[in-house]
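J.: Next comes the structure file work07.txt, holding compact mmCIF, N, CA and C atoms.
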```txt
# COMPACT_ATOMS: atom_id res chain seq x y z
N MET A 1 19.10 -29.80 -26.18
CA MET A 1 19.79 -28.77 -25.43
C MET A 1 21.13 -29.33 -24.98
N ASN A 2 22.20 -28.56 -25.21
CA ASN A 2 23.53 -29.03 -24.82
C ASN A 2 24.07 -28.16 -23.69
N LYS A 3 25.28 -28.50 -23.26
CA LYS A 3 25.88 -27.77 -22.14
C LYS A 3 26.06 -26.29 -22.46
N THR A 4 26.45 -25.97 -23.67
CA THR A 4 26.64 -24.58 -24.07
C THR A 4 25.33 -23.81 -23.96
N ASP A 5 24.24 -24.44 -24.44
CA ASP A 5 22.93 -23.80 -24.33
C ASP A 5 22.55 -23.55 -22.87
N LEU A 6 22.82 -24.54 -22.04
CA LEU A 6 22.50 -24.41 -20.62
C LEU A 6 23.35 -23.33 -19.95
N MET A 7 24.61 -23.25 -20.33
CA MET A 7 25.48 -22.22 -19.74
C MET A 7 25.00 -20.83 -20.17
N MET A 8 24.54 -20.71 -21.41
CA MET A 8 23.99 -19.43 -21.87
C MET A 8 22.70 -19.11 -21.10
N GLU A 9 21.95 -20.14 -20.83
CA GLU A 9 20.72 -19.97 -20.03
C GLU A 9 21.06 -19.48 -18.62
N VAL A 10 22.12 -20.03 -18.05
CA VAL A 10 22.56 -19.60 -16.71
C VAL A 10 22.95 -18.13 -16.74
N GLU A 11 23.67 -17.71 -17.77
CA GLU A 11 24.05 -16.30 -17.90
C GLU A 11 22.81 -15.41 -17.97
N GLY A 12 21.84 -15.84 -18.77
CA GLY A 12 20.60 -15.08 -18.90
C GLY A 12 19.85 -14.99 -17.58
N ILE A 13 19.81 -16.09 -16.86
CA ILE A 13 19.15 -16.11 -15.55
C ILE A 13 19.85 -15.16 -14.58
N ASN A 14 21.19 -15.20 -14.58
CA ASN A 14 21.95 -14.31 -13.69
C ASN A 14 21.67 -12.85 -13.99
N LYS A 15 21.66 -12.50 -15.28
CA LYS A 15 21.38 -11.11 -15.66
C LYS A 15 19.97 -10.71 -15.26
N LEU A 16 19.03 -11.62 -15.48
CA LEU A 16 17.63 -11.34 -15.13
C LEU A 16 17.47 -11.18 -13.62
N LEU A 17 18.13 -12.06 -12.86
CA LEU A 17 18.06 -11.93 -11.39
C LEU A 17 18.68 -10.61 -10.92
N ASP A 18 19.81 -10.24 -11.49
CA ASP A 18 20.43 -8.96 -11.13
C ASP A 18 19.48 -7.81 -11.41
N SER A 19 18.85 -7.84 -12.57
CA SER A 19 17.91 -6.79 -12.96
C SER A 19 16.71 -6.76 -12.01
N LEU A 20 16.18 -7.93 -11.71
CA LEU A 20 15.02 -8.00 -10.80
C LEU A 20 15.38 -7.56 -9.39
N MET A 21 16.57 -7.87 -8.95
CA MET A 21 16.99 -7.45 -7.61
C MET A 21 17.10 -5.93 -7.54
N GLU A 22 17.58 -5.30 -8.61
CA GLU A 22 17.63 -3.83 -8.66
C GLU A 22 16.21 -3.26 -8.62
N LYS A 23 15.32 -3.87 -9.41
CA LYS A 23 13.93 -3.43 -9.41
C LYS A 23 13.30 -3.60 -8.03
N MET A 24 13.63 -4.71 -7.37
CA MET A 24 13.08 -4.97 -6.04
C MET A 24 13.56 -3.93 -5.05
N SER A 25 14.82 -3.56 -5.14
CA SER A 25 15.36 -2.53 -4.26
C SER A 25 14.60 -1.22 -4.45
N GLU A 26 14.37 -0.84 -5.70
CA GLU A 26 13.63 0.39 -5.98
C GLU A 26 12.18 0.28 -5.51
N ALA A 27 11.58 -0.89 -5.74
CA ALA A 27 10.19 -1.09 -5.33
C ALA A 27 10.05 -1.01 -3.81
N ARG A 28 11.03 -1.53 -3.08
CA ARG A 28 10.98 -1.45 -1.61
C ARG A 28 11.13 -0.01 -1.14
N LYS A 29 11.98 0.76 -1.82
CA LYS A 29 12.13 2.18 -1.48
C LYS A 29 10.82 2.91 -1.75
N ASP A 30 10.23 2.62 -2.90
CA ASP A 30 8.95 3.25 -3.25
C ASP A 30 7.87 2.89 -2.23
N GLU A 31 7.85 1.63 -1.83
CA GLU A 31 6.87 1.17 -0.85
C GLU A 31 7.09 1.87 0.49
N ALA A 32 8.33 1.97 0.92
CA ALA A 32 8.63 2.64 2.19
C ALA A 32 8.24 4.11 2.13
N ASN A 33 8.57 4.78 1.03
CA ASN A 33 8.20 6.18 0.89
C ASN A 33 6.69 6.37 0.86
N ALA A 34 5.98 5.46 0.19
CA ALA A 34 4.52 5.53 0.13
C ALA A 34 3.92 5.31 1.52
N LYS A 35 4.50 4.40 2.28
CA LYS A 35 3.99 4.14 3.63
C LYS A 35 4.23 5.35 4.53
N ILE A 36 5.40 5.93 4.44
CA ILE A 36 5.71 7.12 5.24
C ILE A 36 4.74 8.24 4.90
N TYR A 37 4.53 8.47 3.61
CA TYR A 37 3.61 9.52 3.17
C TYR A 37 2.19 9.24 3.68
N TYR A 38 1.75 8.00 3.56
CA TYR A 38 0.42 7.62 4.04
C TYR A 38 0.30 7.85 5.55
N GLU A 39 1.31 7.44 6.29
CA GLU A 39 1.25 7.62 7.74
C GLU A 39 1.22 9.10 8.12
N HIS A 40 1.96 9.93 7.39
CA HIS A 40 1.91 11.37 7.65
C HIS A 40 0.52 11.92 7.36
N LYS A 41 -0.05 11.53 6.23
CA LYS A 41 -1.40 11.98 5.88
C LYS A 41 -2.42 11.49 6.90
N ASN A 42 -2.25 10.29 7.37
CA ASN A 42 -3.16 9.74 8.37
C ASN A 42 -3.06 10.52 9.68
N GLN A 43 -1.84 10.84 10.08
CA GLN A 43 -1.64 11.63 11.30
C GLN A 43 -2.26 13.02 11.16
N GLU A 44 -2.01 13.66 10.01
CA GLU A 44 -2.60 14.98 9.77
C GLU A 44 -4.12 14.92 9.80
N PHE A 45 -4.67 13.91 9.17
CA PHE A 45 -6.12 13.76 9.12
C PHE A 45 -6.69 13.53 10.52
N THR A 46 -6.04 12.68 11.28
CA THR A 46 -6.51 12.38 12.64
C THR A 46 -6.51 13.64 13.50
N GLU A 47 -5.41 14.37 13.44
CA GLU A 47 -5.32 15.60 14.23
C GLU A 47 -6.38 16.62 13.78
N PHE A 48 -6.52 16.79 12.47
CA PHE A 48 -7.49 17.76 11.96
C PHE A 48 -8.91 17.35 12.33
N SER A 49 -9.25 16.08 12.12
CA SER A 49 -10.62 15.65 12.38
C SER A 49 -10.96 15.72 13.86
N THR A 50 -9.99 15.45 14.73
CA THR A 50 -10.23 15.57 16.17
C THR A 50 -10.50 17.03 16.54
N LYS A 51 -9.67 17.93 16.02
CA LYS A 51 -9.87 19.35 16.30
C LYS A 51 -11.21 19.84 15.75
N LEU A 52 -11.52 19.42 14.53
CA LEU A 52 -12.79 19.83 13.92
C LEU A 52 -13.97 19.31 14.73
N MET A 53 -13.89 18.06 15.17
CA MET A 53 -14.97 17.48 15.96
C MET A 53 -15.18 18.26 17.25
N VAL A 54 -14.09 18.60 17.91
CA VAL A 54 -14.18 19.37 19.16
C VAL A 54 -14.77 20.75 18.88
N ASP A 55 -14.30 21.40 17.81
CA ASP A 55 -14.82 22.73 17.46
C ASP A 55 -16.31 22.68 17.17
N ILE A 56 -16.72 21.69 16.42
CA ILE A 56 -18.15 21.56 16.09
C ILE A 56 -18.96 21.23 17.33
N ALA A 57 -18.45 20.30 18.13
CA ALA A 57 -19.18 19.89 19.34
C ALA A 57 -19.32 21.04 20.32
N ASN A 58 -18.36 21.96 20.32
CA ASN A 58 -18.43 23.11 21.24
C ASN A 58 -19.24 24.27 20.68
N ASP A 59 -19.70 24.15 19.46
CA ASP A 59 -20.54 25.20 18.87
C ASP A 59 -21.84 25.27 19.68
N PRO A 60 -22.20 26.46 20.16
CA PRO A 60 -23.41 26.59 20.99
C PRO A 60 -24.66 26.09 20.27
N GLU A 61 -24.69 26.23 18.95
CA GLU A 61 -25.85 25.76 18.20
C GLU A 61 -25.98 24.24 18.28
N ILE A 62 -24.85 23.57 18.23
CA ILE A 62 -24.85 22.10 18.33
C ILE A 62 -25.21 21.68 19.75
N LYS A 63 -24.61 22.36 20.72
CA LYS A 63 -24.85 22.01 22.12
C LYS A 63 -26.32 22.11 22.50
N THR A 64 -26.99 23.10 21.94
CA THR A 64 -28.40 23.32 22.32
C THR A 64 -29.36 22.69 21.33
N SER A 65 -28.84 22.03 20.30
CA SER A 65 -29.71 21.41 19.31
C SER A 65 -30.55 20.31 19.96
N LYS A 66 -31.82 20.29 19.59
CA LYS A 66 -32.74 19.31 20.19
C LYS A 66 -33.05 18.21 19.19
N ASP A 67 -33.10 17.02 19.72
CA ASP A 67 -33.47 15.85 18.93
C ASP A 67 -34.93 16.01 18.52
N PRO A 68 -35.23 16.00 17.23
CA PRO A 68 -36.62 16.20 16.81
C PRO A 68 -37.56 15.08 17.27
N ARG A 69 -37.01 13.92 17.59
CA ARG A 69 -37.86 12.82 18.06
C ARG A 69 -38.31 13.02 19.49
N THR A 70 -37.43 13.62 20.31
CA THR A 70 -37.75 13.77 21.73
C THR A 70 -38.01 15.21 22.13
N GLY A 71 -37.52 16.13 21.32
CA GLY A 71 -37.65 17.55 21.66
C GLY A 71 -36.64 18.00 22.71
N ASN A 72 -35.71 17.14 23.07
CA ASN A 72 -34.70 17.45 24.08
C ASN A 72 -33.30 17.22 23.51
N PRO A 73 -32.31 17.98 24.00
CA PRO A 73 -30.94 17.71 23.59
C PRO A 73 -30.48 16.36 24.16
N ASN A 74 -29.71 15.61 23.39
CA ASN A 74 -29.11 14.38 23.92
C ASN A 74 -27.82 14.08 23.18
N ALA A 75 -26.99 13.23 23.75
CA ALA A 75 -25.65 12.94 23.21
C ALA A 75 -25.73 12.29 21.84
N GLU A 76 -26.67 11.39 21.64
CA GLU A 76 -26.79 10.70 20.36
C GLU A 76 -27.09 11.69 19.24
N TRP A 77 -28.00 12.61 19.50
CA TRP A 77 -28.36 13.62 18.50
C TRP A 77 -27.17 14.56 18.25
N ALA A 78 -26.48 14.97 19.29
CA ALA A 78 -25.33 15.86 19.15
C ALA A 78 -24.24 15.19 18.32
N LYS A 79 -24.05 13.89 18.54
CA LYS A 79 -23.05 13.14 17.77
C LYS A 79 -23.44 13.09 16.30
N LEU A 80 -24.70 12.85 16.02
CA LEU A 80 -25.18 12.79 14.65
C LEU A 80 -25.01 14.15 13.95
N ILE A 81 -25.36 15.22 14.63
CA ILE A 81 -25.22 16.57 14.07
C ILE A 81 -23.74 16.88 13.83
N THR A 82 -22.88 16.49 14.76
CA THR A 82 -21.44 16.72 14.63
C THR A 82 -20.89 15.98 13.41
N GLN A 83 -21.28 14.73 13.26
CA GLN A 83 -20.83 13.94 12.11
C GLN A 83 -21.29 14.57 10.79
N GLN A 84 -22.52 15.01 10.75
CA GLN A 84 -23.03 15.64 9.53
C GLN A 84 -22.27 16.93 9.22
N ALA A 85 -21.98 17.71 10.25
CA ALA A 85 -21.23 18.95 10.05
C ALA A 85 -19.83 18.65 9.52
N MET A 86 -19.23 17.59 10.05
CA MET A 86 -17.89 17.21 9.58
C MET A 86 -17.93 16.79 8.11
N LEU A 87 -18.93 16.04 7.75
CA LEU A 87 -19.04 15.58 6.37
C LEU A 87 -19.28 16.72 5.38
N HIS A 88 -19.78 17.81 5.88
CA HIS A 88 -20.03 18.98 5.02
C HIS A 88 -18.88 19.99 5.06
N ASP A 89 -17.84 19.69 5.83
CA ASP A 89 -16.69 20.58 5.92
C ASP A 89 -15.77 20.33 4.72
N LYS A 90 -15.48 21.39 3.97
CA LYS A 90 -14.67 21.27 2.75
C LYS A 90 -13.27 20.72 3.05
N MET A 91 -12.62 21.28 4.05
CA MET A 91 -11.25 20.84 4.37
C MET A 91 -11.24 19.39 4.83
N PHE A 92 -12.22 18.97 5.60
CA PHE A 92 -12.33 17.58 6.05
C PHE A 92 -12.41 16.66 4.84
N ASN A 93 -13.22 17.02 3.87
CA ASN A 93 -13.37 16.19 2.67
C ASN A 93 -12.10 16.17 1.82
N GLU A 94 -11.43 17.32 1.72
CA GLU A 94 -10.17 17.36 0.97
C GLU A 94 -9.11 16.49 1.63
N MET A 95 -9.04 16.58 2.95
CA MET A 95 -8.04 15.77 3.67
C MET A 95 -8.40 14.28 3.61
N SER A 96 -9.68 13.97 3.64
CA SER A 96 -10.11 12.57 3.50
C SER A 96 -9.68 12.03 2.15
N GLU A 97 -9.92 12.81 1.11
CA GLU A 97 -9.55 12.39 -0.24
C GLU A 97 -8.04 12.19 -0.35
N ALA A 98 -7.27 13.12 0.20
CA ALA A 98 -5.80 13.01 0.16
C ALA A 98 -5.34 11.76 0.91
N LEU A 99 -5.99 11.45 2.02
CA LEU A 99 -5.65 10.26 2.79
C LEU A 99 -5.95 9.00 1.98
N TYR A 100 -7.11 8.95 1.34
CA TYR A 100 -7.47 7.78 0.55
C TYR A 100 -6.52 7.61 -0.64
N GLN A 101 -6.12 8.71 -1.26
CA GLN A 101 -5.18 8.62 -2.37
C GLN A 101 -3.82 8.12 -1.90
N ALA A 102 -3.38 8.63 -0.75
CA ALA A 102 -2.09 8.17 -0.19
C ALA A 102 -2.15 6.68 0.14
N ARG A 103 -3.28 6.24 0.67
CA ARG A 103 -3.45 4.81 0.99
C ARG A 103 -3.39 3.98 -0.28
N ASP A 104 -4.06 4.45 -1.34
CA ASP A 104 -4.07 3.71 -2.59
C ASP A 104 -2.66 3.61 -3.20
N VAL A 105 -1.90 4.71 -3.13
CA VAL A 105 -0.52 4.70 -3.64
C VAL A 105 0.31 3.69 -2.84
N TYR A 106 0.10 3.65 -1.54
CA TYR A 106 0.81 2.70 -0.69
C TYR A 106 0.45 1.25 -1.06
N TYR A 107 -0.83 0.98 -1.25
CA TYR A 107 -1.25 -0.38 -1.61
C TYR A 107 -0.70 -0.78 -2.97
N ILE A 108 -0.67 0.14 -3.92
CA ILE A 108 -0.13 -0.16 -5.24
C ILE A 108 1.37 -0.43 -5.14
N ALA A 109 2.08 0.34 -4.32
CA ALA A 109 3.52 0.12 -4.13
C ALA A 109 3.77 -1.25 -3.52
N GLN A 110 2.92 -1.65 -2.57
CA GLN A 110 3.04 -2.99 -1.99
C GLN A 110 2.83 -4.07 -3.05
N SER A 111 1.82 -3.87 -3.87
CA SER A 111 1.51 -4.82 -4.93
C SER A 111 2.66 -4.92 -5.93
N ASP A 112 3.23 -3.77 -6.29
CA ASP A 112 4.35 -3.78 -7.24
C ASP A 112 5.55 -4.55 -6.67
N ALA A 113 5.84 -4.32 -5.40
CA ALA A 113 6.96 -5.03 -4.77
C ALA A 113 6.69 -6.53 -4.73
N GLN A 114 5.45 -6.91 -4.45
CA GLN A 114 5.11 -8.33 -4.40
C GLN A 114 5.20 -8.97 -5.79
N ASP A 115 4.80 -8.22 -6.82
CA ASP A 115 4.92 -8.74 -8.19
C ASP A 115 6.37 -9.06 -8.53
N ILE A 116 7.27 -8.16 -8.16
CA ILE A 116 8.69 -8.39 -8.44
C ILE A 116 9.21 -9.57 -7.63
N ALA A 117 8.77 -9.68 -6.38
CA ALA A 117 9.18 -10.82 -5.55
C ALA A 117 8.70 -12.13 -6.18
N ASP A 118 7.49 -12.13 -6.73
CA ASP A 118 6.99 -13.33 -7.40
C ASP A 118 7.82 -13.67 -8.63
N GLN A 119 8.22 -12.65 -9.38
CA GLN A 119 9.06 -12.88 -10.57
C GLN A 119 10.41 -13.47 -10.16
N ILE A 120 10.97 -12.94 -9.08
CA ILE A 120 12.26 -13.46 -8.59
C ILE A 120 12.11 -14.92 -8.20
N GLY A 121 11.03 -15.26 -7.55
CA GLY A 121 10.78 -16.65 -7.17
C GLY A 121 10.69 -17.57 -8.38
N THR A 122 10.03 -17.10 -9.42
CA THR A 122 9.91 -17.90 -10.64
C THR A 122 11.27 -18.10 -11.31
N VAL A 123 12.07 -17.04 -11.37
CA VAL A 123 13.39 -17.14 -11.99
C VAL A 123 14.29 -18.05 -11.15
N ARG A 124 14.18 -17.98 -9.85
CA ARG A 124 14.99 -18.86 -8.99
C ARG A 124 14.62 -20.33 -9.21
N THR A 125 13.34 -20.58 -9.39
CA THR A 125 12.91 -21.96 -9.67
C THR A 125 13.51 -22.44 -10.98
N LYS A 126 13.50 -21.58 -11.98
CA LYS A 126 14.10 -21.94 -13.27
C LYS A 126 15.60 -22.18 -13.10
N ALA A 127 16.25 -21.37 -12.28
CA ALA A 127 17.69 -21.55 -12.03
C ALA A 127 17.96 -22.91 -11.39
N ILE A 128 17.10 -23.32 -10.49
CA ILE A 128 17.26 -24.63 -9.84
C ILE A 128 17.14 -25.75 -10.87
N LEU A 129 16.18 -25.59 -11.78
CA LEU A 129 16.00 -26.59 -12.84
C LEU A 129 17.24 -26.66 -13.74
N VAL A 130 17.76 -25.52 -14.15
CA VAL A 130 18.95 -25.49 -15.01
C VAL A 130 20.15 -26.09 -14.26
N ALA A 131 20.29 -25.76 -12.98
CA ALA A 131 21.40 -26.32 -12.19
C ALA A 131 21.29 -27.84 -12.11
N SER A 132 20.07 -28.32 -11.95
CA SER A 132 19.86 -29.78 -11.90
C SER A 132 20.25 -30.43 -13.22
N LEU A 133 19.87 -29.79 -14.32
CA LEU A 133 20.23 -30.33 -15.64
C LEU A 133 21.75 -30.32 -15.83
N LEU A 134 22.41 -29.27 -15.40
CA LEU A 134 23.87 -29.20 -15.53
C LEU A 134 24.54 -30.30 -14.70
N ARG A 135 24.05 -30.52 -13.48
CA ARG A 135 24.61 -31.59 -12.64
C ARG A 135 24.40 -32.95 -13.29
N TYR A 136 23.22 -33.14 -13.84
CA TYR A 136 22.93 -34.41 -14.51
C TYR A 136 23.89 -34.61 -15.69
N MET A 137 24.05 -33.56 -16.49
CA MET A 137 24.93 -33.66 -17.67
C MET A 137 26.38 -33.91 -17.24
N ALA A 138 26.79 -33.30 -16.15
CA ALA A 138 28.16 -33.52 -15.66
C ALA A 138 28.33 -34.95 -15.21
N ALA A 139 27.26 -35.51 -14.61
CA ALA A 139 27.33 -36.87 -14.10
C ALA A 139 27.38 -37.90 -15.23
N VAL A 140 26.63 -37.64 -16.30
CA VAL A 140 26.61 -38.62 -17.38
C VAL A 140 27.51 -38.20 -18.53
N ASP A 141 28.01 -36.95 -18.46
CA ASP A 141 28.94 -36.40 -19.45
C ASP A 141 28.41 -36.56 -20.88
N GLU A 142 27.17 -36.11 -21.07
CA GLU A 142 26.60 -36.13 -22.44
C GLU A 142 25.63 -34.98 -22.60
N ASP A 143 25.27 -34.72 -23.84
CA ASP A 143 24.30 -33.67 -24.14
C ASP A 143 22.88 -34.22 -24.03
N ILE A 144 21.96 -33.32 -23.72
CA ILE A 144 20.56 -33.74 -23.65
C ILE A 144 19.93 -33.54 -24.99
```
How would this structure read if it were set down as structure tokens?
T.:
Amino acid sequence: MNKTDLMMEVEGINKLLDSLMEKMSEARKDEANAKIYYEHKNQEFTEFSTKLMVDIANDPEIKTSKDPRTGNPNAEWAKLITQQAMLHDKMFNEMSEALYQARDVYYIAQSDAQDIADQIGTVRTKAILVASLLRYMAAVDEDI
């Protein structure tokens, strides 16, 4: 490998770093957008599930429901009945699914951004190696 080869390698590294930095910028935007979307879905889900829980808990049928073990109404039984009613609510399940999908998109966006960051780190390490070789060649003024 001679100085010309190393200089061409430096050009290639610079182009690759520029390309990766552009990709990283896009990946960070995608990650931020995915996080915002996930947080909105989470907020919507929290508000909906709280309202649904209150509506179900205030249902006279739930309030007067008796625990089959004791034959009396109690908080533990009412909570269990409320949870079961929520799990059977179509909108609750649709919103849960949307929340899980938004979370998965966010996690994938994070992973994509980290992959690009890892690639940038690898290219920077290679750049350091090439720079060291160029300094060495300048010091001894010969080809490798």
J.: Pull the closest atom pair for each residue of range 40-122 of chain A that gets at most 7 Å from range 20-33 of chain A, along with the distance in Å to one decimal, counting all atoms listed in the file, ordering rows by chain and then ascending residue number, as a Markdown table.
T.:
```
| residue | atom | partner | partner_atom | distance |
| --- | --- | --- | --- | --- |
| A:Tyr106 | CA | A:Glu31 | CA | 6.3 |
| A:Ala109 | C | A:Glu31 | CA | 4.8 |
| A:Gln110 | N | A:Glu31 | CA | 5.1 |
| A:Asp112 | C | A:Ala27 | CA | 5.9 |
| A:Ala113 | CA | A:Ala27 | CA | 5.1 |
| A:Ile116 | CA | A:Met24 | CA | 6.1 |
| A:Ala117 | N | A:Met24 | CA | 6.4 |
| A:Ile120 | CA | A:Leu20 | CA | 6.5 |
```
J.: Give the answer as one residue: which of A:Asp67, A:Lys126, A:Arg103, A:Gln114 has the shortest atom-to-atom distance to Glu39 in chain A, using only C-alpha atoms?
T.: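 Under the stated criterion, the closest residue is A:Arg103.
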J.: CA of Ser111 in chain A to CA of Thr125 in chain A: how many Å, to one decimal?
T.: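 Taking CA of Ser111 in chain A and CA of Thr125 in chain A, their separation equals 21.1 Å.
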J.: With distances taken over only C-alpha atoms, which of A:Tyr136, A:Ser19, A:Tyr100, A:Asn58 is nearest to Asn42 in chain A?
T.: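 Answer, going by the shortest atom-to-atom distance: A:Tyr100.
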J.: For CA of Leu16 in chain A and CA of Val130 in chain A, determine how far apart the two atoms are, in Å to one decimal place.
T.: 14.2 Å
J.: Can you complete the atoms of range 28-37 of chain A to all heavy atoms and list them as a CSV table (one decimal), in the frame of the given file?
T.:
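Result file follows (part31.csv):
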```
chain,number,residue,atom,x,y,z
A,28,ARG,N,11.0,-1.5,-3.1
A,28,ARG,CA,11.0,-1.4,-1.6
A,28,ARG,C,11.1,0.0,-1.1
A,28,ARG,O,10.5,0.4,-0.2
A,28,ARG,CB,12.1,-2.3,-1.0
A,28,ARG,CG,11.7,-3.8,-1.1
A,28,ARG,CD,12.7,-4.6,-0.4
A,28,ARG,NE,12.3,-6.0,-0.4
A,28,ARG,CZ,13.2,-7.0,-0.5
A,28,ARG,NH1,14.5,-6.8,-0.6
A,28,ARG,NH2,12.7,-8.3,-0.5
A,29,LYS,N,12.0,0.8,-1.8
A,29,LYS,CA,12.1,2.2,-1.5
A,29,LYS,C,10.8,2.9,-1.8
A,29,LYS,O,10.4,3.7,-0.9
A,29,LYS,CB,13.3,2.8,-2.3
A,29,LYS,CG,14.6,2.4,-1.8
A,29,LYS,CD,15.7,3.0,-2.7
A,29,LYS,CE,17.1,2.3,-2.4
A,29,LYS,NZ,18.1,2.7,-3.4
A,30,ASP,N,10.2,2.6,-2.9
A,30,ASP,CA,9.0,3.2,-3.2
A,30,ASP,C,7.9,2.9,-2.2
A,30,ASP,O,7.1,3.7,-1.8
A,30,ASP,CB,8.5,2.8,-4.7
A,30,ASP,CG,9.4,3.4,-5.8
A,30,ASP,OD1,10.1,4.4,-5.5
A,30,ASP,OD2,9.3,2.9,-6.9
A,31,GLU,N,7.8,1.6,-1.8
A,31,GLU,CA,6.9,1.2,-0.8
A,31,GLU,C,7.1,1.9,0.5
A,31,GLU,O,6.1,2.3,1.1
A,31,GLU,CB,7.0,-0.3,-0.7
A,31,GLU,CG,6.0,-0.9,0.3
A,31,GLU,CD,6.1,-2.4,0.5
A,31,GLU,OE1,7.0,-3.0,-0.1
A,31,GLU,OE2,5.3,-2.9,1.3
A,32,ALA,N,8.3,2.0,0.9
A,32,ALA,CA,8.6,2.6,2.2
A,32,ALA,C,8.2,4.1,2.1
A,32,ALA,O,7.6,4.6,3.1
A,32,ALA,CB,10.1,2.5,2.5
A,33,ASN,N,8.6,4.8,1.0
A,33,ASN,CA,8.2,6.2,0.9
A,33,ASN,C,6.7,6.4,0.9
A,33,ASN,O,6.2,7.3,1.5
A,33,ASN,CB,8.8,6.8,-0.4
A,33,ASN,CG,10.3,7.0,-0.2
A,33,ASN,OD1,10.8,7.2,0.9
A,33,ASN,ND2,11.0,6.9,-1.3
A,34,ALA,N,6.0,5.5,0.2
A,34,ALA,CA,4.5,5.5,0.1
A,34,ALA,C,3.9,5.3,1.5
A,34,ALA,O,3.0,6.0,1.9
A,34,ALA,CB,4.0,4.5,-0.9
A,35,LYS,N,4.5,4.4,2.3
A,35,LYS,CA,4.0,4.1,3.6
A,35,LYS,C,4.2,5.4,4.5
A,35,LYS,O,3.3,5.7,5.3
A,35,LYS,CB,4.7,2.9,4.2
A,35,LYS,CG,4.1,2.6,5.6
A,35,LYS,CD,4.7,1.3,6.2
A,35,LYS,CE,4.0,1.0,7.5
A,35,LYS,NZ,4.4,-0.3,8.0
A,36,ILE,N,5.4,5.9,4.4
A,36,ILE,CA,5.7,7.1,5.2
A,36,ILE,C,4.7,8.2,4.9
A,36,ILE,O,4.2,8.9,5.8
A,36,ILE,CB,7.2,7.6,5.0
A,36,ILE,CG1,8.1,6.5,5.7
A,36,ILE,CG2,7.4,9.0,5.6
A,36,ILE,CD1,9.6,6.7,5.3
A,37,TYR,N,4.5,8.5,3.6
A,37,TYR,CA,3.6,9.5,3.2
A,37,TYR,C,2.2,9.2,3.7
A,37,TYR,O,1.5,10.1,4.2
A,37,TYR,CB,3.6,9.6,1.6
A,37,TYR,CG,2.8,10.7,1.1
A,37,TYR,CD1,3.1,12.0,1.2
A,37,TYR,CD2,1.5,10.4,0.5
A,37,TYR,CE1,2.3,13.1,0.7
A,37,TYR,CE2,0.7,11.4,0.0
A,37,TYR,CZ,1.1,12.7,0.1
A,37,TYR,OH,0.3,13.7,-0.4
```
